[in-house]
Structure formats: structure tokens, C-alpha cells
$ cat data30.json   # JSON, C-alpha atoms
[["chain", "number", "residue", "atom", "x", "y", "z"],
["A", 1, "GLN", "CA", 13.74, 10.90, 17.18],
["A", 2, "SER", "CA", 10.41, 12.60, 17.76],
["A", 3, "THR", "CA", 10.40, 13.93, 14.18],
["A", 4, "GLN", "CA", 11.05, 10.44, 12.82],
["A", 5, "ALA", "CA", 8.34, 8.93, 15.06],
["A", 6, "TRP", "CA", 5.87, 11.60, 13.90],
["A", 7, "SER", "CA", 6.74, 10.87, 10.27],
["A", 8, "VAL", "CA", 6.18, 7.12, 10.71],
["A", 9, "GLY", "CA", 2.85, 7.79, 12.45],
["A", 10, "ALA", "CA", 1.77, 10.24, 9.76],
["A", 11, "GLU", "CA", 2.47, 7.62, 7.09],
["A", 12, "GLY", "CA", 0.23, 5.15, 8.92],
["A", 13, "GLU", "CA", -2.55, 7.76, 9.14],
["A", 14, "ARG", "CA", -2.18, 8.51, 5.41],
["A", 15, "LYS", "CA", -2.39, 4.84, 4.44],
["A", 16, "LEU", "CA", -5.48, 4.33, 6.55],
["A", 17, "SER", "CA", -7.02, 7.57, 5.25],
["A", 18, "ASP", "CA", -6.55, 6.33, 1.68],
["A", 19, "MET", "CA", -8.26, 3.03, 2.51],
["A", 20, "LEU", "CA", -11.16, 4.80, 4.22],
["A", 21, "ALA", "CA", -11.57, 7.16, 1.27],
["A", 22, "SER", "CA", -11.88, 4.14, -1.03],
["A", 23, "VAL", "CA", -15.00, 2.94, 0.82],
["A", 24, "ALA", "CA", -16.48, 6.35, 1.71],
["A", 25, "GLY", "CA", -19.84, 7.28, 0.25],
["A", 26, "GLU", "CA", -23.40, 8.10, 1.21],
["A", 27, "SER", "CA", -23.60, 5.26, 3.73],
["A", 28, "LEU", "CA", -20.06, 5.47, 5.06],
["A", 29, "ARG", "CA", -18.84, 8.94, 6.02],
["A", 30, "VAL", "CA", -15.29, 9.71, 7.13],
["A", 31, "LEU", "CA", -13.87, 12.64, 9.08],
["A", 32, "ASN", "CA", -10.07, 12.69, 9.15],
["A", 33, "ASP", "CA", -7.70, 14.39, 11.60],
["A", 34, "ARG", "CA", -10.18, 16.07, 13.92],
["A", 35, "LEU", "CA", -9.20, 18.51, 16.65],
["A", 36, "ILE", "CA", -10.31, 17.79, 20.19],
["A", 37, "PRO", "CA", -11.46, 21.22, 21.42],
["A", 38, "ARG", "CA", -9.43, 22.91, 24.17],
["A", 39, "THR", "CA", -6.53, 20.48, 23.71],
["A", 40, "THR", "CA", -3.63, 19.92, 21.35],
["A", 41, "ALA", "CA", -4.77, 16.32, 20.80],
["A", 42, "ASN", "CA", -6.55, 14.97, 17.75],
["A", 43, "ILE", "CA", -8.72, 12.09, 16.64],
["A", 44, "ASP", "CA", -7.20, 10.36, 13.59],
["A", 45, "HIS", "CA", -10.47, 9.21, 11.99],
["A", 46, "LEU", "CA", -14.18, 9.31, 12.79],
["A", 47, "VAL", "CA", -16.30, 6.96, 10.67],
["A", 48, "VAL", "CA", -20.08, 7.00, 10.59],
["A", 49, "CYS", "CA", -21.62, 3.96, 8.90],
["A", 50, "PRO", "CA", -24.77, 1.80, 9.16],
["A", 51, "SER", "CA", -23.49, -0.05, 12.23],
["A", 52, "GLY", "CA", -22.58, 3.09, 14.21],
["A", 53, "VAL", "CA", -19.79, 5.55, 14.88],
["A", 54, "PHE", "CA", -16.20, 4.35, 14.97],
["A", 55, "VAL", "CA", -13.32, 6.27, 16.52],
["A", 56, "VAL", "CA", -10.22, 4.97, 14.72],
["A", 57, "ASP", "CA", -6.63, 5.58, 15.73],
["A", 58, "ALA", "CA", -4.03, 4.57, 13.15],
["A", 59, "LYS", "CA", -0.85, 3.07, 14.57],
["A", 60, "ARG", "CA", 2.14, 2.09, 12.49],
["A", 61, "TYR", "CA", 4.41, -0.41, 14.15],
["A", 62, "ARG", "CA", 6.30, -2.06, 11.30],
["A", 63, "ASN", "CA", 6.75, -5.81, 11.68],
["A", 64, "ALA", "CA", 5.70, -5.71, 15.34],
["A", 65, "ARG", "CA", 2.95, -8.02, 16.56],
["A", 66, "PRO", "CA", 0.02, -6.65, 18.60],
["A", 67, "GLU", "CA", -1.05, -9.09, 21.30],
["A", 68, "LEU", "CA", -3.38, -9.29, 24.25],
["A", 69, "ARG", "CA", -1.71, -10.41, 27.46],
["A", 70, "VAL", "CA", -3.77, -11.41, 30.46],
["A", 71, "GLU", "CA", -2.09, -11.35, 33.84],
["A", 72, "GLY", "CA", -3.36, -12.34, 37.25],
["A", 73, "GLY", "CA", -6.45, -14.36, 37.88],
["A", 74, "LEU", "CA", -6.77, -16.67, 40.84],
["A", 75, "LEU", "CA", -4.62, -14.88, 43.42],
["A", 76, "ARG", "CA", -4.25, -11.46, 41.84],
["A", 77, "PRO", "CA", -6.76, -9.27, 40.03],
["A", 78, "ARG", "CA", -7.05, -10.11, 36.33],
["A", 79, "THR", "CA", -5.58, -7.41, 34.09],
["A", 80, "GLU", "CA", -5.53, -7.16, 30.30],
["A", 81, "LEU", "CA", -2.56, -5.50, 28.61],
["A", 82, "LEU", "CA", -1.81, -4.53, 25.02],
["A", 83, "TYR", "CA", 1.69, -5.47, 23.94],
["A", 84, "VAL", "CA", 3.16, -4.52, 20.58],
["A", 85, "GLY", "CA", 6.52, -5.92, 19.56],
["A", 86, "GLY", "CA", 7.10, -7.12, 23.12],
["A", 87, "ARG", "CA", 6.46, -3.71, 24.74],
["A", 88, "ASP", "CA", 3.55, -2.68, 26.92],
["A", 89, "ARG", "CA", 1.39, -0.26, 24.90],
["A", 90, "THR", "CA", -1.72, -0.36, 27.08],
["A", 91, "ALA", "CA", -1.62, 3.45, 27.25],
["A", 92, "LEU", "CA", -2.86, 3.44, 23.63],
["A", 93, "VAL", "CA", -6.03, 1.72, 24.81],
["A", 94, "ASP", "CA", -6.48, 4.25, 27.62],
["A", 95, "GLY", "CA", -6.10, 7.12, 25.14],
["A", 96, "MET", "CA", -8.67, 5.56, 22.80],
["A", 97, "ARG", "CA", -11.15, 5.13, 25.65],
["A", 98, "LYS", "CA", -10.88, 8.86, 26.39],
["A", 99, "GLN", "CA", -11.56, 9.69, 22.73],
["A", 100, "VAL", "CA", -14.59, 7.37, 22.69],
["A", 101, "ALA", "CA", -15.93, 9.06, 25.84],
["A", 102, "LEU", "CA", -15.67, 12.47, 24.13],
["A", 103, "VAL", "CA", -17.52, 11.24, 21.05],
["A", 104, "ARG", "CA", -20.21, 9.59, 23.19],
["A", 105, "ALA", "CA", -20.62, 12.88, 25.09],
["A", 106, "ALA", "CA", -21.05, 14.74, 21.78],
["A", 107, "LEU", "CA", -23.85, 12.30, 20.87],
["A", 108, "ALA", "CA", -25.35, 12.09, 24.39],
["A", 109, "ASP", "CA", -28.86, 12.82, 23.10],
["A", 110, "GLN", "CA", -28.66, 9.70, 20.87],
["A", 111, "PRO", "CA", -27.65, 6.91, 23.26],
["A", 112, "GLU", "CA", -28.95, 4.27, 20.83],
["A", 113, "VAL", "CA", -26.11, 5.05, 18.41],
["A", 114, "PRO", "CA", -23.20, 2.65, 19.08],
["A", 115, "VAL", "CA", -19.78, 4.28, 19.45],
["A", 116, "GLN", "CA", -16.77, 1.94, 19.16],
["A", 117, "GLY", "CA", -13.07, 2.63, 19.59],
["A", 118, "MET", "CA", -10.62, 0.90, 17.26],
["A", 119, "LEU", "CA", -6.84, 0.80, 17.19],
["A", 120, "CYS", "CA", -5.83, -0.08, 13.64],
["A", 121, "PHE", "CA", -2.26, -1.32, 13.30],
["A", 122, "VAL", "CA", -0.85, -0.62, 9.84],
["A", 123, "ASP", "CA", 2.13, -2.69, 8.65],
["A", 124, "ALA", "CA", 2.07, -4.82, 11.81],
["A", 125, "ASP", "CA", 3.04, -8.49, 11.96],
["A", 126, "TRP", "CA", -0.36, -10.10, 12.47],
["A", 127, "PRO", "CA", -0.42, -13.83, 13.23],
["A", 128, "VAL", "CA", -2.04, -16.10, 10.64],
["A", 129, "PHE", "CA", -4.59, -17.80, 12.89],
["A", 130, "VAL", "CA", -5.10, -15.48, 15.85],
["A", 131, "GLY", "CA", -6.77, -12.32, 14.64],
["A", 132, "SER", "CA", -8.19, -9.16, 16.05],
["A", 133, "PHE", "CA", -9.11, -8.85, 19.71],
["A", 134, "THR", "CA", -10.84, -6.47, 22.08],
["A", 135, "ILE", "CA", -9.29, -4.99, 25.20],
["A", 136, "HIS", "CA", -11.34, -2.80, 27.56],
["A", 137, "ASP", "CA", -14.01, -2.30, 24.85],
["A", 138, "VAL", "CA", -11.41, -1.18, 22.27],
["A", 139, "ALA", "CA", -11.03, -3.34, 19.15],
["A", 140, "VAL", "CA", -7.48, -3.98, 17.94],
["A", 141, "VAL", "CA", -7.48, -4.67, 14.20],
["A", 142, "TRP", "CA", -5.57, -4.45, 10.91],
["A", 143, "PRO", "CA", -6.78, -2.36, 7.91],
["A", 144, "LYS", "CA", -8.66, -5.15, 6.04],
["A", 145, "LYS", "CA", -10.45, -6.19, 9.23],
["A", 146, "LEU", "CA", -11.36, -2.55, 9.87],
["A", 147, "LYS", "CA", -12.75, -2.23, 6.34],
["A", 148, "ALA", "CA", -14.84, -5.40, 6.77],
["A", 149, "THR", "CA", -16.23, -4.12, 10.09],
["A", 150, "LEU", "CA", -17.11, -0.70, 8.71],
["A", 151, "THR", "CA", -18.95, -2.11, 5.69],
["A", 152, "GLU", "CA", -21.22, -4.42, 7.71],
["A", 153, "PRO", "CA", -24.95, -3.69, 7.58],
["A", 154, "GLY", "CA", -26.62, -1.95, 10.49],
["A", 155, "PRO", "CA", -29.66, 0.03, 11.61],
["A", 156, "LEU", "CA", -28.50, 3.54, 10.62],
["A", 157, "GLY", "CA", -29.80, 4.92, 7.34],
["A", 158, "PRO", "CA", -28.19, 7.50, 5.02],
["A", 159, "GLU", "CA", -30.04, 10.48, 6.55],
["A", 160, "GLN", "CA", -29.05, 9.61, 10.11],
["A", 161, "ILE", "CA", -25.48, 8.90, 8.97],
["A", 162, "ALA", "CA", -25.29, 12.34, 7.30],
["A", 163, "ASP", "CA", -26.73, 14.02, 10.41],
["A", 164, "LEU", "CA", -24.27, 12.26, 12.73],
["A", 165, "GLN", "CA", -21.37, 13.15, 10.46],
["A", 166, "TRP", "CA", -22.35, 16.81, 10.47],
["A", 167, "ARG", "CA", -22.73, 16.88, 14.27],
["A", 168, "LEU", "CA", -19.31, 15.30, 14.73],
["A", 169, "HIS", "CA", -17.83, 17.73, 12.18],
["A", 170, "GLU", "CA", -19.20, 20.63, 14.22],
["A", 171, "THR", "CA", -17.96, 19.22, 17.54],
["A", 172, "PHE", "CA", -14.53, 18.09, 16.33],
["A", 173, "PRO", "CA", -13.34, 20.63, 13.72],
["A", 174, "ARG", "CA", -10.77, 19.91, 11.06],
["A", 175, "GLN", "CA", -7.23, 20.10, 12.34],
["A", 176, "LYS", "CA", -5.70, 20.52, 8.92],
["A", 177, "GLN", "CA", -6.69, 20.04, 5.30],
["A", 178, "ALA", "CA", -8.21, 16.59, 4.90],
["A", 179, "PRO", "CA", -6.44, 14.25, 2.47],
["A", 180, "ARG", "CA", -9.68, 13.33, 0.68],
["A", 181, "ALA", "CA", -12.17, 16.13, 0.00],
["A", 182, "GLN", "CA", -15.01, 13.73, -0.89],
["A", 183, "ALA", "CA", -14.82, 12.14, 2.55],
["A", 184, "GLU", "CA", -15.54, 15.46, 4.30],
["A", 185, "PRO", "CA", -18.88, 17.28, 4.44],
["A", 186, "ASN", "CA", -19.27, 20.37, 2.29],
["A", 187, "THR", "CA", -18.73, 23.41, 4.46]]
$ encode --input "data30.json" --output "C-alpha cells"
Amino acid sequence: QSTQAWSVGAEGERKLSDMLASVAGESLRVLNDRLIPRTTANIDHLVVCPSGVFVVDAKRYRNARPELRVEGGLLRPRTELLYVGGRDRTALVDGMRKQVALVRAALADQPEVPVQGMLCFVDADWPVFVGSFTIHDVAVVWPKKLKATLTEPGPLGPEQIADLQWRLHETFPRQKQAPRAQAEPNT
């Protein structure tokens, strides 16, 4: 089961990596499959673009709908939960928040640079009218929405983007050979 789950997840990462490579260039830099030092964990994708740094985790839940559920309120504390295909997957949000904290720490001397966590659900069953949402500062999106977000204009120029990419490359080394050589810095 774990081998099959890994294979499904790897396919989602590959699909998202291909999409990111199609928009990568001087103003949109991509680092794929980055090792988190002193752990066995990884960051699927780091994207540096004019609007900031995005930590992107690819998730492949085929034909399952991501949804935000809000519980509590008047008598109990309000809690926000991520459900996918009817199952509580809020732990994915918690994991993303940890990754974002590590990236923010790596860029601590540049607090003006926005760092955003994104869970990108590949092959999910997204509703027609209700779209992406944010839960605990983590955006939950589909690939086309991610692409639109990453290509928005912003305050970072090509030199700062290149510098940030290099710093992140140094902090979070390659875990394995990247699928798209042009998306990685020359080392």
C-alpha cells in the first residue's frame, strides 16, 4: 500500500513539476524536490516569482473534493479543518505551515519578502463555483489557479528573484535529480 501511495504522490509531483517548468524563466524560478536539512522530509517545490516565495506541496487525490469545514463558533472555539474526499486531512496544512516556517527562517534577513504556503491538489474534484480557499494561512488550490497566482505581477525584480533562488538552493539542497534542468540554478 505504501508503495502504491508513494507512486500516486510521485505522479502528482511530476505533473505539477511539468506545469511549473512550462512557466519557469528569468522572473519565475523553480526548485523541485528539496531536502530539508537534518530530516528525511522534503519540500516538493519552491517557487520564486515577482510576488514572493511560494512553498508548494503537490497532492494527488483523484476525484476527491478538497473542502474547508468550519466547526464551532458560538459555544465552542471556531476551528477550520481541511477535508478531502470526506476525510480530515488537516495534518497536511500543519505540515505545510512547518515548511513555510523553515523557508521564512532561511530568509529571516529579508522580512519584506512574502512567503506563502500552497497545497496544490492535482486531479481533484473541484466544484464549479466554489474555488480555492485559505486555511491557517495556507492556500488550497488546483494547478491552473496555482499557475495564475505565480504569474501575477509583484515587487520583486529579476535580480532579487535570482538571489532568493540561489539562497534557497543553498539552504535546501537537491534531494534527487530535478526533472527539469532549466528550472534549477547552474551549479
$ residues_around --input "data30.json" --residues "Gly95 of chain A" --least-positions-apart "4" --cutoff "12 Å" --atoms "only C-alpha atoms" --output "MDAnalysis selection string"
chainID A and resid 41:43 55:57 89:91 99:102 117:119 136 138
$ atom_distance --input "data30.json" --atom1 "atom CA of Val115 of chain A" --atom2 "atom CA of Val84 of chain A"
24.6 Å
$ residues_around --input "data30.json" --residues "Gly157 of chain A" --least-positions-apart "2" --cutoff "8 Å" --atoms "all atoms listed in the file" --output "list in words"
Ser27, Pro50, Pro155, Glu159, Gln160 and Ile161 of chain A
$ atom_distance --input "data30.json" --atom1 "atom CA of Ala64 of chain A" --atom2 "atom CA of Asp125 of chain A"
5.1 Å
$ closest_residue --input "data30.json" --among "A:Leu74, A:Leu156, A:Val140, A:Leu46" --to "Val122 of chain A" --atoms "all atoms listed in the file"
A:Val140
$ closest_residue --input "data30.json" --among "A:Trp142, A:Phe172, A:Ser22, A:Gly73" --to "Ala105 of chain A" --atoms "all atoms listed in the file"
A:Phe172
$ residues_near_point --input "data30.json" --point "(-25.0, 12.7, 18.2)" --cutoff "9 Å" --atoms "only C-alpha atoms" --output "MDAnalysis selection string"
chainID A and resid 103:111 113 163:165 167:168
$ residues_around --input "data30.json" --residues "Pro127 of chain A" --least-positions-apart "5" --cutoff "10 Å" --atoms "all atoms listed in the file" --output "ChimeraX atom specification"
/A:65-67,132
$ residues_near_point --input "data30.json" --point "(-9.9, 24.9, 19.8)" --cutoff "12 Å" --atoms "all atoms listed in the file" --output "count of residues only"
15
$ atom_distance --input "data30.json" --atom1 "atom CA of His169 of chain A" --atom2 "atom CA of Leu31 of chain A"
7.2 Å
$ closest_residue --input "data30.json" --among "A:Cys49, A:Ile135, A:Ala124, A:Val70" --to "Val93 of chain A" --atoms "all atoms listed in the file"
A:Ile135
$ closest_residue --input "data30.json" --among "A:Asp44, A:Arg60, A:Leu16, A:Gly52" --to "Glu152 of chain A" --atoms "all atoms listed in the file"
A:Gly52
$ residues_around --input "data30.json" --residues "Lys15 of chain A" --least-positions-apart "3" --cutoff "12 Å" --atoms "all atoms listed in the file" --output "JSON list (two decimals) with C-alpha atoms, in the frame of the given file"
[["chain", "number", "residue", "atom", "x", "y", "z"],
["A", 8, "VAL", "CA", 6.18, 7.12, 10.71],
["A", 9, "GLY", "CA", 2.85, 7.79, 12.45],
["A", 10, "ALA", "CA", 1.77, 10.24, 9.76],
["A", 11, "GLU", "CA", 2.47, 7.62, 7.09],
["A", 12, "GLY", "CA", 0.23, 5.15, 8.92],
["A", 18, "ASP", "CA", -6.55, 6.33, 1.68],
["A", 19, "MET", "CA", -8.26, 3.03, 2.51],
["A", 20, "LEU", "CA", -11.16, 4.80, 4.22],
["A", 21, "ALA", "CA", -11.57, 7.16, 1.27],
["A", 22, "SER", "CA", -11.88, 4.14, -1.03],
["A", 32, "ASN", "CA", -10.07, 12.69, 9.15],
["A", 44, "ASP", "CA", -7.20, 10.36, 13.59],
["A", 45, "HIS", "CA", -10.47, 9.21, 11.99],
["A", 58, "ALA", "CA", -4.03, 4.57, 13.15],
["A", 59, "LYS", "CA", -0.85, 3.07, 14.57],
["A", 60, "ARG", "CA", 2.14, 2.09, 12.49],
["A", 120, "CYS", "CA", -5.83, -0.08, 13.64],
["A", 121, "PHE", "CA", -2.26, -1.32, 13.30],
["A", 122, "VAL", "CA", -0.85, -0.62, 9.84],
["A", 123, "ASP", "CA", 2.13, -2.69, 8.65],
["A", 142, "TRP", "CA", -5.57, -4.45, 10.91],
["A", 143, "PRO", "CA", -6.78, -2.36, 7.91],
["A", 144, "LYS", "CA", -8.66, -5.15, 6.04],
["A", 179, "PRO", "CA", -6.44, 14.25, 2.47],
["A", 180, "ARG", "CA", -9.68, 13.33, 0.68]]
$ residues_around --input "data30.json" --residues "Asp88 of chain A" --least-positions-apart "5" --cutoff "10 Å" --atoms "all atoms listed in the file" --output "NGL selection string"
:A and (66-69 or 81-83)
$ closest_residue --input "data30.json" --among "A:Glu13, A:Asp137, A:Asn63, A:Ser51" --to "Leu28 of chain A" --atoms "all atoms listed in the file"
A:Ser51
